[in-house]
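The file start-v6.cif comes next; it holds mmCIF, C-alpha atoms, pLDDT in the B column; chains and numbers go by the auth columns.
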data_structure
loop_
_atom_site.group_PDB
_atom_site.id
_atom_site.type_symbol
_atom_site.label_atom_id
_atom_site.label_comp_id
_atom_site.label_asym_id
_atom_site.label_seq_id
_atom_site.Cartn_x
_atom_site.Cartn_y
_atom_site.Cartn_z
_atom_site.B_iso_or_equiv
_atom_site.auth_seq_id
_atom_site.auth_asym_id
ATOM 1 C CA MET A 1 0.000 0.000 0.000 41.00 101 K
ATOM 2 C CA ASN A 2 1.442 3.332 -1.036 47.00 102 K
ATOM 3 C CA SER A 3 0.909 6.350 1.172 49.00 103 K
ATOM 4 C CA ALA A 4 -0.272 9.503 -0.553 59.00 104 K
ATOM 5 C CA THR A 5 2.787 11.403 -1.763 91.00 105 K
ATOM 6 C CA PRO A 6 2.900 15.138 -2.479 95.00 106 K
ATOM 7 C CA GLN A 7 3.325 14.371 -6.182 95.00 107 K
ATOM 8 C CA ILE A 8 0.172 12.270 -6.333 96.00 108 K
ATOM 9 C CA GLU A 9 -1.778 14.879 -4.405 96.00 109 K
ATOM 10 C CA ALA A 10 -0.463 17.574 -6.771 97.00 110 K
ATOM 11 C CA LEU A 11 -1.943 15.573 -9.656 97.00 111 K
ATOM 12 C CA ALA A 12 -5.255 15.413 -7.781 97.00 112 K
ATOM 13 C CA GLU A 13 -5.217 19.204 -7.348 97.00 113 K
ATOM 14 C CA GLU A 14 -4.399 19.681 -11.038 97.00 114 K
ATOM 15 C CA ALA A 15 -7.339 17.468 -11.926 97.00 115 K
ATOM 16 C CA ARG A 16 -9.697 19.485 -9.729 97.00 116 K
ATOM 17 C CA ASP A 17 -8.617 22.752 -11.346 97.00 117 K
ATOM 18 C CA LEU A 18 -9.152 21.473 -14.878 98.00 118 K
ATOM 19 C CA ASP A 19 -12.454 19.915 -13.846 98.00 119 K
ATOM 20 C CA GLN A 20 -13.649 23.330 -12.664 97.00 120 K
ATOM 21 C CA LEU A 21 -12.565 24.928 -15.941 97.00 121 K
ATOM 22 C CA LEU A 22 -14.346 22.307 -18.039 98.00 122 K
ATOM 23 C CA SER A 23 -17.478 22.817 -15.973 97.00 123 K
ATOM 24 C CA GLN A 24 -17.626 26.386 -17.318 95.00 124 K
ATOM 25 C CA LEU A 25 -17.835 25.274 -20.961 97.00 125 K
ATOM 26 C CA ASP A 26 -20.929 25.648 -23.084 96.00 126 K
ATOM 27 C CA ALA A 27 -21.832 22.829 -25.462 96.00 127 K
ATOM 28 C CA SER A 28 -20.487 24.853 -28.413 96.00 128 K
ATOM 29 C CA ASP A 29 -17.123 25.433 -26.715 97.00 129 K
ATOM 30 C CA TRP A 30 -16.119 21.794 -27.134 98.00 130 K
ATOM 31 C CA ASP A 31 -15.898 22.244 -30.908 97.00 131 K
ATOM 32 C CA ARG A 32 -13.831 25.426 -30.773 97.00 132 K
ATOM 33 C CA VAL A 33 -10.334 25.071 -32.211 97.00 133 K
ATOM 34 C CA THR A 34 -7.364 25.772 -29.951 96.00 134 K
ATOM 35 C CA ALA A 35 -3.912 27.061 -30.901 94.00 135 K
ATOM 36 C CA PHE A 36 -2.444 23.567 -30.451 94.00 136 K
ATOM 37 C CA LYS A 37 -2.254 21.579 -33.696 91.00 137 K
ATOM 38 C CA ASN A 38 -5.737 22.822 -34.618 91.00 138 K
ATOM 39 C CA TRP A 39 -7.156 20.503 -31.984 95.00 139 K
ATOM 40 C CA SER A 40 -10.594 21.303 -30.646 96.00 140 K
ATOM 41 C CA VAL A 41 -11.262 21.445 -26.916 98.00 141 K
ATOM 42 C CA TRP A 42 -12.853 18.013 -27.372 97.00 142 K
ATOM 43 C CA ASP A 43 -9.602 16.698 -28.894 96.00 143 K
ATOM 44 C CA VAL A 44 -7.548 18.101 -26.018 97.00 144 K
ATOM 45 C CA VAL A 45 -9.661 16.423 -23.343 98.00 145 K
ATOM 46 C CA ALA A 46 -9.878 13.209 -25.371 97.00 146 K
ATOM 47 C CA HIS A 47 -6.076 13.126 -25.559 95.00 147 K
ATOM 48 C CA LEU A 48 -5.772 13.586 -21.811 97.00 148 K
ATOM 49 C CA HIS A 49 -8.411 10.921 -21.240 97.00 149 K
ATOM 50 C CA LEU A 50 -6.609 8.449 -23.505 96.00 150 K
ATOM 51 C CA SER A 51 -3.317 9.113 -21.715 95.00 151 K
ATOM 52 C CA ASP A 52 -4.991 8.535 -18.343 97.00 152 K
ATOM 53 C CA HIS A 53 -6.499 5.325 -19.743 97.00 153 K
ATOM 54 C CA MET A 54 -2.972 4.271 -20.681 96.00 154 K
ATOM 55 C CA GLY A 55 -1.999 4.959 -17.069 96.00 155 K
ATOM 56 C CA LEU A 56 -4.841 2.820 -15.733 97.00 156 K
ATOM 57 C CA THR A 57 -3.788 0.064 -18.124 97.00 157 K
ATOM 58 C CA THR A 58 -0.150 0.065 -17.025 96.00 158 K
ATOM 59 C CA LEU A 59 -1.306 -0.269 -13.407 96.00 159 K
ATOM 60 C CA LYS A 60 -2.744 -3.645 -14.464 95.00 160 K
ATOM 61 C CA GLY A 61 0.705 -4.805 -15.549 94.00 161 K
ATOM 62 C CA PRO A 62 3.165 -4.647 -18.461 94.00 162 K
ATOM 63 C CA GLU A 63 1.341 -7.265 -20.534 95.00 163 K
ATOM 64 C CA ALA A 64 -1.896 -5.296 -20.560 96.00 164 K
ATOM 65 C CA PHE A 65 -0.014 -2.120 -21.388 95.00 165 K
ATOM 66 C CA GLN A 66 1.909 -3.683 -24.267 95.00 166 K
ATOM 67 C CA ALA A 67 -1.335 -5.037 -25.704 95.00 167 K
ATOM 68 C CA LEU A 68 -2.805 -1.529 -25.677 94.00 168 K
ATOM 69 C CA MET A 69 0.340 -0.109 -27.289 92.00 169 K
ATOM 70 C CA THR A 70 0.159 -2.746 -30.036 92.00 170 K
ATOM 71 C CA ASP A 71 -3.462 -1.839 -30.722 91.00 171 K
ATOM 72 C CA MET A 72 -2.618 1.865 -30.855 90.00 172 K
ATOM 73 C CA ALA A 73 0.383 1.270 -33.125 87.00 173 K
ATOM 74 C CA GLN A 74 -1.812 -0.486 -35.678 85.00 174 K
ATOM 75 C CA ALA A 75 -4.096 2.537 -35.986 79.00 175 K
ATOM 76 C CA SER A 76 -3.331 5.310 -38.454 79.00 176 K
ATOM 77 C CA GLY A 77 -3.446 9.024 -37.793 76.00 177 K
ATOM 78 C CA GLY A 78 -1.689 9.203 -34.426 79.00 178 K
ATOM 79 C CA MET A 79 -3.114 9.517 -30.909 82.00 179 K
ATOM 80 C CA ALA A 80 -5.706 12.150 -31.794 82.00 180 K
ATOM 81 C CA ALA A 81 -7.270 9.944 -34.468 85.00 181 K
ATOM 82 C CA TYR A 82 -7.073 6.891 -32.234 89.00 182 K
ATOM 83 C CA ALA A 83 -8.802 8.771 -29.429 90.00 183 K
ATOM 84 C CA ARG A 84 -11.668 9.754 -31.731 89.00 184 K
ATOM 85 C CA ASP A 85 -12.107 6.149 -32.919 89.00 185 K
ATOM 86 C CA TRP A 86 -11.806 4.814 -29.372 92.00 186 K
ATOM 87 C CA LEU A 87 -14.311 7.204 -27.856 91.00 187 K
ATOM 88 C CA GLY A 88 -16.768 7.570 -30.719 91.00 188 K
ATOM 89 C CA PRO A 89 -19.162 10.532 -31.057 91.00 189 K
ATOM 90 C CA LEU A 90 -19.371 11.570 -27.416 93.00 190 K
ATOM 91 C CA THR A 91 -20.772 14.942 -26.458 96.00 191 K
ATOM 92 C CA GLY A 92 -18.500 17.241 -24.498 97.00 192 K
ATOM 93 C CA ASP A 93 -20.305 16.776 -21.212 97.00 193 K
ATOM 94 C CA VAL A 94 -20.091 12.983 -21.471 97.00 194 K
ATOM 95 C CA LEU A 95 -16.396 13.168 -22.359 98.00 195 K
ATOM 96 C CA HIS A 96 -15.864 15.485 -19.394 98.00 196 K
ATOM 97 C CA GLU A 97 -17.428 12.939 -17.050 97.00 197 K
ATOM 98 C CA ARG A 98 -15.424 10.044 -18.497 97.00 198 K
ATOM 99 C CA TRP A 99 -12.173 12.003 -18.234 98.00 199 K
ATOM 100 C CA ARG A 100 -12.890 12.959 -14.617 98.00 200 K
ATOM 101 C CA THR A 101 -13.845 9.412 -13.615 98.00 201 K
ATOM 102 C CA ALA A 102 -10.808 7.797 -15.240 97.00 202 K
ATOM 103 C CA LEU A 103 -8.346 10.323 -13.855 98.00 203 K
ATOM 104 C CA ASN A 104 -9.731 9.928 -10.343 97.00 204 K
ATOM 105 C CA GLU A 105 -9.418 6.157 -10.728 98.00 205 K
ATOM 106 C CA LEU A 106 -5.824 6.609 -11.863 98.00 206 K
ATOM 107 C CA ILE A 107 -5.036 8.810 -8.858 97.00 207 K
ATOM 108 C CA ASP A 108 -6.528 6.237 -6.488 97.00 208 K
ATOM 109 C CA GLY A 109 -4.552 3.503 -8.237 97.00 209 K
ATOM 110 C CA LEU A 110 -1.308 5.420 -7.846 96.00 210 K
ATOM 111 C CA ARG A 111 -2.036 5.897 -4.150 96.00 211 K
ATOM 112 C CA ARG A 112 -2.410 2.128 -3.753 95.00 212 K
ATOM 113 C CA ALA A 113 0.510 1.131 -5.992 95.00 213 K
ATOM 114 C CA ASP A 114 3.800 -0.237 -4.699 94.00 214 K
ATOM 115 C CA PRO A 115 5.995 2.894 -4.613 94.00 215 K
ATOM 116 C CA GLU A 116 9.066 0.912 -5.733 94.00 216 K
ATOM 117 C CA VAL A 117 7.570 -0.796 -8.788 93.00 217 K
ATOM 118 C CA ARG A 118 8.304 0.843 -12.139 94.00 218 K
ATOM 119 C CA LEU A 119 5.269 1.325 -14.327 95.00 219 K
ATOM 120 C CA THR A 120 5.719 0.515 -18.008 93.00 220 K
ATOM 121 C CA TRP A 121 5.457 3.527 -20.315 91.00 221 K
ATOM 122 C CA PRO A 122 6.695 4.651 -23.754 85.00 222 K
ATOM 123 C CA GLY A 123 10.321 5.393 -22.964 76.00 223 K
ATOM 124 C CA PRO A 124 11.753 4.661 -19.504 82.00 224 K
ATOM 125 C CA GLY A 125 9.460 3.161 -16.890 88.00 225 K
ATOM 126 C CA MET A 126 8.543 5.314 -13.897 92.00 226 K
ATOM 127 C CA LYS A 127 7.760 4.722 -10.248 95.00 227 K
ATOM 128 C CA PRO A 128 4.299 5.967 -9.138 96.00 228 K
ATOM 129 C CA ARG A 129 5.642 9.223 -7.710 95.00 229 K
ATOM 130 C CA MET A 130 7.356 10.212 -10.959 94.00 230 K
ATOM 131 C CA PHE A 131 4.435 8.890 -12.991 96.00 231 K
ATOM 132 C CA ALA A 132 2.071 11.179 -11.089 97.00 232 K
ATOM 133 C CA THR A 133 4.316 14.154 -11.828 96.00 233 K
ATOM 134 C CA ALA A 134 4.384 13.254 -15.518 95.00 234 K
ATOM 135 C CA ARG A 135 0.576 13.160 -15.561 97.00 235 K
ATOM 136 C CA GLN A 136 0.438 16.461 -13.660 98.00 236 K
ATOM 137 C CA MET A 137 2.783 17.999 -16.220 97.00 237 K
ATOM 138 C CA GLU A 138 0.702 16.889 -19.205 97.00 238 K
ATOM 139 C CA THR A 139 -2.584 17.881 -17.569 98.00 239 K
ATOM 140 C CA TRP A 140 -1.201 21.320 -16.660 98.00 240 K
ATOM 141 C CA ALA A 141 0.298 21.867 -20.117 98.00 241 K
ATOM 142 C CA HIS A 142 -2.731 20.868 -22.187 98.00 242 K
ATOM 143 C CA ALA A 143 -5.051 22.852 -19.957 98.00 243 K
ATOM 144 C CA TRP A 144 -3.310 25.977 -21.271 98.00 244 K
ATOM 145 C CA GLU A 145 -4.903 25.394 -24.662 97.00 245 K
ATOM 146 C CA ILE A 146 -8.328 25.795 -23.086 97.00 246 K
ATOM 147 C CA TYR A 147 -7.377 28.695 -20.811 97.00 247 K
ATOM 148 C CA ASP A 148 -5.861 30.529 -23.780 96.00 248 K
ATOM 149 C CA LEU A 149 -8.893 29.913 -25.979 96.00 249 K
ATOM 150 C CA LEU A 150 -11.388 31.094 -23.375 95.00 250 K
ATOM 151 C CA GLY A 151 -9.227 33.962 -22.127 94.00 251 K
ATOM 152 C CA VAL A 152 -9.785 32.778 -18.565 92.00 252 K
ATOM 153 C CA PRO A 153 -7.186 33.872 -15.976 93.00 253 K
ATOM 154 C CA ARG A 154 -5.278 30.995 -14.406 95.00 254 K
ATOM 155 C CA THR A 155 -4.330 30.718 -10.746 96.00 255 K
ATOM 156 C CA HIS A 156 -0.875 29.272 -10.057 97.00 256 K
ATOM 157 C CA THR A 157 0.472 27.464 -7.010 97.00 257 K
ATOM 158 C CA ASP A 158 3.835 26.118 -5.977 98.00 258 K
ATOM 159 C CA ARG A 159 2.844 22.629 -7.063 98.00 259 K
ATOM 160 C CA ILE A 160 4.361 23.579 -10.425 98.00 260 K
ATOM 161 C CA HIS A 161 7.719 22.936 -8.715 98.00 261 K
ATOM 162 C CA ASN A 162 7.219 19.341 -9.868 97.00 262 K
ATOM 163 C CA ILE A 163 6.934 20.483 -13.488 98.00 263 K
ATOM 164 C CA ALA A 164 9.916 22.819 -13.237 98.00 264 K
ATOM 165 C CA THR A 165 11.956 19.946 -11.819 97.00 265 K
ATOM 166 C CA ILE A 166 11.048 17.713 -14.768 96.00 266 K
ATOM 167 C CA GLY A 167 12.024 20.572 -17.054 97.00 267 K
ATOM 168 C CA VAL A 168 15.456 20.864 -15.454 98.00 268 K
ATOM 169 C CA ARG A 169 16.068 17.113 -15.323 96.00 269 K
ATOM 170 C CA THR A 170 15.274 16.656 -19.015 96.00 270 K
ATOM 171 C CA TYR A 171 17.971 19.111 -20.098 98.00 271 K
ATOM 172 C CA GLY A 172 20.123 16.306 -21.507 97.00 272 K
ATOM 173 C CA TRP A 173 17.127 14.432 -22.925 95.00 273 K
ATOM 174 C CA THR A 174 16.162 17.456 -25.016 97.00 274 K
ATOM 175 C CA PHE A 175 19.426 17.182 -26.962 97.00 275 K
ATOM 176 C CA VAL A 176 19.797 13.386 -26.972 96.00 276 K
ATOM 177 C CA ASN A 177 16.268 13.070 -28.353 95.00 277 K
ATOM 178 C CA ARG A 178 17.380 15.130 -31.347 97.00 278 K
ATOM 179 C CA LYS A 179 20.693 13.247 -31.651 97.00 279 K
ATOM 180 C CA LEU A 180 22.590 16.391 -30.681 98.00 280 K
ATOM 181 C CA PRO A 181 25.587 16.645 -28.327 97.00 281 K
ATOM 182 C CA VAL A 182 24.624 17.769 -24.834 98.00 282 K
ATOM 183 C CA PRO A 183 26.297 21.099 -23.972 97.00 283 K
ATOM 184 C CA GLU A 184 28.081 20.938 -20.642 96.00 284 K
ATOM 185 C CA PRO A 185 27.724 22.058 -17.973 97.00 285 K
ATOM 186 C CA ALA A 186 23.982 22.294 -17.598 97.00 286 K
ATOM 187 C CA PRO A 187 22.823 25.897 -17.074 98.00 287 K
ATOM 188 C CA HIS A 188 22.050 27.287 -13.665 98.00 288 K
ATOM 189 C CA VAL A 189 18.294 27.757 -13.256 98.00 289 K
ATOM 190 C CA ARG A 190 16.892 30.295 -10.775 98.00 290 K
ATOM 191 C CA LEU A 191 13.131 30.817 -10.760 98.00 291 K
ATOM 192 C CA THR A 192 10.592 32.803 -8.779 98.00 292 K
ATOM 193 C CA ALA A 193 7.738 30.597 -7.574 98.00 293 K
ATOM 194 C CA PRO A 194 4.096 31.706 -7.522 98.00 294 K
ATOM 195 C CA SER A 195 4.479 32.102 -3.742 98.00 295 K
ATOM 196 C CA GLY A 196 7.500 34.376 -4.200 98.00 296 K
ATOM 197 C CA ASP A 197 9.980 31.726 -3.057 98.00 297 K
ATOM 198 C CA GLU A 198 13.161 31.249 -5.078 98.00 298 K
ATOM 199 C CA TRP A 199 13.934 27.873 -6.619 98.00 299 K
ATOM 200 C CA ARG A 200 17.420 26.936 -7.816 98.00 300 K
ATOM 201 C CA TRP A 201 18.961 24.065 -9.746 98.00 301 K
ATOM 202 C CA ASN A 202 22.534 23.314 -10.899 97.00 302 K
ATOM 203 C CA ASP A 203 25.706 25.180 -10.021 96.00 303 K
ATOM 204 C CA PRO A 204 25.645 29.002 -10.161 96.00 304 K
ATOM 205 C CA GLN A 205 27.061 30.370 -13.445 94.00 305 K
ATOM 206 C CA ASP A 206 26.664 34.007 -14.447 91.00 306 K
ATOM 207 C CA ASP A 207 27.448 33.223 -18.087 96.00 307 K
ATOM 208 C CA ASN A 208 25.259 30.136 -18.374 98.00 308 K
ATOM 209 C CA ARG A 209 21.904 30.590 -16.687 98.00 309 K
ATOM 210 C CA ILE A 210 18.148 30.975 -16.944 98.00 310 K
ATOM 211 C CA SER A 211 16.240 33.112 -14.489 98.00 311 K
ATOM 212 C CA GLY A 212 12.774 34.541 -14.082 98.00 312 K
ATOM 213 C CA ASP A 213 9.200 33.437 -13.548 98.00 313 K
ATOM 214 C CA ALA A 214 8.665 29.746 -12.758 98.00 314 K
ATOM 215 C CA VAL A 215 5.362 29.655 -14.664 98.00 315 K
ATOM 216 C CA ALA A 216 7.069 30.948 -17.808 98.00 316 K
ATOM 217 C CA PHE A 217 9.845 28.361 -17.461 98.00 317 K
ATOM 218 C CA CYS A 218 7.275 25.578 -17.139 98.00 318 K
ATOM 219 C CA GLN A 219 5.470 26.917 -20.195 98.00 319 K
ATOM 220 C CA VAL A 220 8.665 26.799 -22.242 98.00 320 K
ATOM 221 C CA VAL A 221 9.768 23.283 -21.246 98.00 321 K
ATOM 222 C CA THR A 222 6.248 21.949 -21.913 98.00 322 K
ATOM 223 C CA GLN A 223 6.173 23.857 -25.236 98.00 323 K
ATOM 224 C CA VAL A 224 3.154 25.927 -24.267 97.00 324 K
ATOM 225 C CA ARG A 225 5.048 29.130 -25.108 98.00 325 K
ATOM 226 C CA ASN A 226 8.002 30.115 -27.265 98.00 326 K
ATOM 227 C CA ILE A 227 10.890 31.475 -25.213 98.00 327 K
ATOM 228 C CA ALA A 228 10.613 34.717 -27.224 97.00 328 K
ATOM 229 C CA ASP A 229 7.143 35.290 -25.761 97.00 329 K
ATOM 230 C CA THR A 230 8.346 35.193 -22.151 98.00 330 K
ATOM 231 C CA ASP A 231 10.372 37.499 -19.923 97.00 331 K
ATOM 232 C CA LEU A 232 12.836 34.793 -18.934 98.00 332 K
ATOM 233 C CA GLU A 233 16.455 35.918 -18.864 98.00 333 K
ATOM 234 C CA VAL A 234 18.731 33.561 -20.784 98.00 334 K
ATOM 235 C CA GLU A 235 22.516 33.893 -20.672 98.00 335 K
ATOM 236 C CA GLY A 236 24.997 31.726 -22.592 97.00 336 K
ATOM 237 C CA GLU A 237 24.988 29.494 -25.649 97.00 337 K
ATOM 238 C CA ALA A 238 24.006 26.314 -23.825 97.00 338 K
ATOM 239 C CA ALA A 239 21.069 27.973 -22.095 98.00 339 K
ATOM 240 C CA ALA A 240 19.878 29.586 -25.338 98.00 340 K
ATOM 241 C CA ALA A 241 20.193 26.323 -27.276 98.00 341 K
ATOM 242 C CA TRP A 242 18.187 24.510 -24.614 98.00 342 K
ATOM 243 C CA MET A 243 15.388 27.046 -24.389 98.00 343 K
ATOM 244 C CA ALA A 244 14.995 27.065 -28.182 98.00 344 K
ATOM 245 C CA ILE A 245 14.079 23.350 -28.241 98.00 345 K
ATOM 246 C CA ALA A 246 13.279 22.438 -24.615 98.00 346 K
ATOM 247 C CA GLN A 247 11.072 19.345 -24.361 97.00 347 K
ATOM 248 C CA CYS A 248 10.281 17.738 -21.026 95.00 348 K
ATOM 249 C CA PHE A 249 7.826 15.147 -22.370 92.00 349 K
ATOM 250 C CA ALA A 250 8.501 11.773 -23.978 87.00 350 K
ATOM 251 C CA GLY A 251 8.147 11.059 -27.667 87.00 351 K
ATOM 252 C CA PRO A 252 9.906 12.137 -30.854 91.00 352 K
ATOM 253 C CA PRO A 253 11.361 15.645 -31.100 95.00 353 K
ATOM 254 C CA ALA A 254 8.684 18.334 -31.142 95.00 354 K
ATOM 255 C CA ASP A 255 9.135 22.010 -31.913 95.00 355 K
ATOM 256 C CA PRO A 256 7.811 24.787 -29.690 96.00 356 K
ATOM 257 C CA PRO A 257 5.087 27.091 -31.046 96.00 357 K
ATOM 258 C CA ALA A 258 6.310 29.839 -33.322 95.00 358 K
ATOM 259 C CA PRO A 259 6.909 33.226 -31.646 96.00 359 K
ATOM 260 C CA GLY A 260 3.714 35.197 -31.222 94.00 360 K
ATOM 261 C CA THR A 261 1.360 32.270 -31.923 93.00 361 K
ATOM 262 C CA ARG A 262 0.572 31.416 -28.296 92.00 362 K
ATOM 263 C CA THR A 263 0.559 34.389 -25.947 83.00 363 K
#

How would this structure read if it were set down as structure tokens?
Amino acid sequence: MNSATPQIEALAEEARDLDQLLSQLDASDWDRVTAFKNWSVWDVVAHLHLSDHMGLTTLKGPEAFQALMTDMAQASGGMAAYARDWLGPLTGDVLHERWRTALNELIDGLRRADPEVRLTWPGPGMKPRMFATARQMETWAHAWEIYDLLGVPRTHTDRIHNIATIGVRTYGWTFVNRKLPVPEPAPHVRLTAPSGDEWRWNDPQDDNRISGDAVAFCQVVTQVRNIADTDLEVEGEAAAAWMAIAQCFAGPPADPPAPGTRT
């Protein structure tokens, strides 16, 4: 039996925030197109729901997960198309309920999971604590598409420390994923948290650093914003190269949005 960890509870809080946002939608809002890959709000939530379903499946064991991955690999059109085929013609309110139910089941499953067992996933397996942070990161990042579309202000808390930490730890991955040499040393990162606290990673370096707002940093590493559309201070070639292509999520190399397209 796993005790509730801060990372799992942070995912639960992220889920509650997005649930409240989705509750504000009108029926017509679900068909509105976001600034992310021309996905509709429906597509965004369907993608999150499918990813949470993958999480529930891996909790059943690696065999069940591999069977799901084989089924998904045989489909054409990527995850968005698979999600539409998998879910069928659901209305937005029904999709909302299914997403909420599955994510809450996933959170409960992570609370009960053996904290030392690695869960199978595309790429390296993860223990429940890290898995919860990965789900928090994706939920937080994709929610931006809906906040941006609706023009709804977003409240931030220090639970984004988990996302910032993933961003820092995937410095090397960003380059390796693109088959590029990893510039060394890793830049110093100094961020101001929503609470006003200061967060720091890596050795201090005046000529190789990133500093500024923690929310903006999380937006860049999750590719919600282009670095040019933030007020982050970037010093040094390694730091600039990283921020231009930062990617804290698994999968093939993805490019950030073009400057000015998501603000």

The PyMOL selection byres ((chain K and resi 198) around 12) - which residues does that actually catch in the file I just gave you? List them as a PDB file with C-alpha atoms, in the coordinates of the input.
ATOM      1  CA  ASP K 119     -12.454  19.915 -13.846  1.00 98.00           C
ATOM      2  CA  VAL K 145      -9.661  16.423 -23.343  1.00 98.00           C
ATOM      3  CA  ALA K 146      -9.878  13.209 -25.371  1.00 97.00           C
ATOM      4  CA  LEU K 148      -5.772  13.586 -21.811  1.00 97.00           C
ATOM      5  CA  HIS K 149      -8.411  10.921 -21.240  1.00 97.00           C
ATOM      6  CA  LEU K 150      -6.609   8.449 -23.505  1.00 96.00           C
ATOM      7  CA  ASP K 152      -4.991   8.535 -18.343  1.00 97.00           C
ATOM      8  CA  HIS K 153      -6.499   5.325 -19.743  1.00 97.00           C
ATOM      9  CA  LEU K 187     -14.311   7.204 -27.856  1.00 91.00           C
ATOM     10  CA  LEU K 190     -19.371  11.570 -27.416  1.00 93.00           C
ATOM     11  CA  THR K 191     -20.772  14.942 -26.458  1.00 96.00           C
ATOM     12  CA  GLY K 192     -18.500  17.241 -24.498  1.00 97.00           C
ATOM     13  CA  ASP K 193     -20.305  16.776 -21.212  1.00 97.00           C
ATOM     14  CA  VAL K 194     -20.091  12.983 -21.471  1.00 97.00           C
ATOM     15  CA  LEU K 195     -16.396  13.168 -22.359  1.00 98.00           C
ATOM     16  CA  HIS K 196     -15.864  15.485 -19.394  1.00 98.00           C
ATOM     17  CA  GLU K 197     -17.428  12.939 -17.050  1.00 97.00           C
ATOM     18  CA  TRP K 199     -12.173  12.003 -18.234  1.00 98.00           C
ATOM     19  CA  ARG K 200     -12.890  12.959 -14.617  1.00 98.00           C
ATOM     20  CA  THR K 201     -13.845   9.412 -13.615  1.00 98.00           C
ATOM     21  CA  ALA K 202     -10.808   7.797 -15.240  1.00 97.00           C
ATOM     22  CA  LEU K 203      -8.346  10.323 -13.855  1.00 98.00           C
ATOM     23  CA  ASN K 204      -9.731   9.928 -10.343  1.00 97.00           C
ATOM     24  CA  GLU K 205      -9.418   6.157 -10.728  1.00 98.00           C
TER      25      GLU K 205
END

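Evaluated against this file, the PyMOL selection byres ((chain K and resi 293-302) around 6) yields Thr257, Asp258, His288, Val289, Arg290, Leu291, Thr292, Asp303 and Ala314 of chain K.
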
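Considering the residues K:Leu121, K:Leu280, K:Ala115, K:Val268 and counting all atoms listed in the file, Ala346 (chain K) has its shortest atom-to-atom contact with K:Val268.
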
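Across K:Asp214, K:Glu335, K:Asp143, K:Asp355, the tightest approach to Arg309 (chain K) is made by K:Glu335 when counting all atoms listed in the file.
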
Report task. Would you write out, as a ChimeraX atom specification, every residue that the PyMOL selection byres ((chain K and resi 321) around 10) captures in this file? Result -> /K:241,263-264,266-268,270-271,274,316-320,322-327,342-349,356

File of the preceding selection, C-alpha atoms, as a JSON list (two decimals), in the frame of the given file:
[["chain", "number", "residue", "atom", "x", "y", "z"],
["K", 241, "ALA", "CA", 0.30, 21.87, -20.12],
["K", 263, "ILE", "CA", 6.93, 20.48, -13.49],
["K", 264, "ALA", "CA", 9.92, 22.82, -13.24],
["K", 266, "ILE", "CA", 11.05, 17.71, -14.77],
["K", 267, "GLY", "CA", 12.02, 20.57, -17.05],
["K", 268, "VAL", "CA", 15.46, 20.86, -15.45],
["K", 270, "THR", "CA", 15.27, 16.66, -19.02],
["K", 271, "TYR", "CA", 17.97, 19.11, -20.10],
["K", 274, "THR", "CA", 16.16, 17.46, -25.02],
["K", 316, "ALA", "CA", 7.07, 30.95, -17.81],
["K", 317, "PHE", "CA", 9.85, 28.36, -17.46],
["K", 318, "CYS", "CA", 7.28, 25.58, -17.14],
["K", 319, "GLN", "CA", 5.47, 26.92, -20.20],
["K", 320, "VAL", "CA", 8.66, 26.80, -22.24],
["K", 322, "THR", "CA", 6.25, 21.95, -21.91],
["K", 323, "GLN", "CA", 6.17, 23.86, -25.24],
["K", 324, "VAL", "CA", 3.15, 25.93, -24.27],
["K", 325, "ARG", "CA", 5.05, 29.13, -25.11],
["K", 326, "ASN", "CA", 8.00, 30.12, -27.26],
["K", 327, "ILE", "CA", 10.89, 31.48, -25.21],
["K", 342, "TRP", "CA", 18.19, 24.51, -24.61],
["K", 343, "MET", "CA", 15.39, 27.05, -24.39],
["K", 344, "ALA", "CA", 15.00, 27.06, -28.18],
["K", 345, "ILE", "CA", 14.08, 23.35, -28.24],
["K", 346, "ALA", "CA", 13.28, 22.44, -24.62],
["K", 347, "GLN", "CA", 11.07, 19.34, -24.36],
["K", 348, "CYS", "CA", 10.28, 17.74, -21.03],
["K", 349, "PHE", "CA", 7.83, 15.15, -22.37],
["K", 356, "PRO", "CA", 7.81, 24.79, -29.69]]
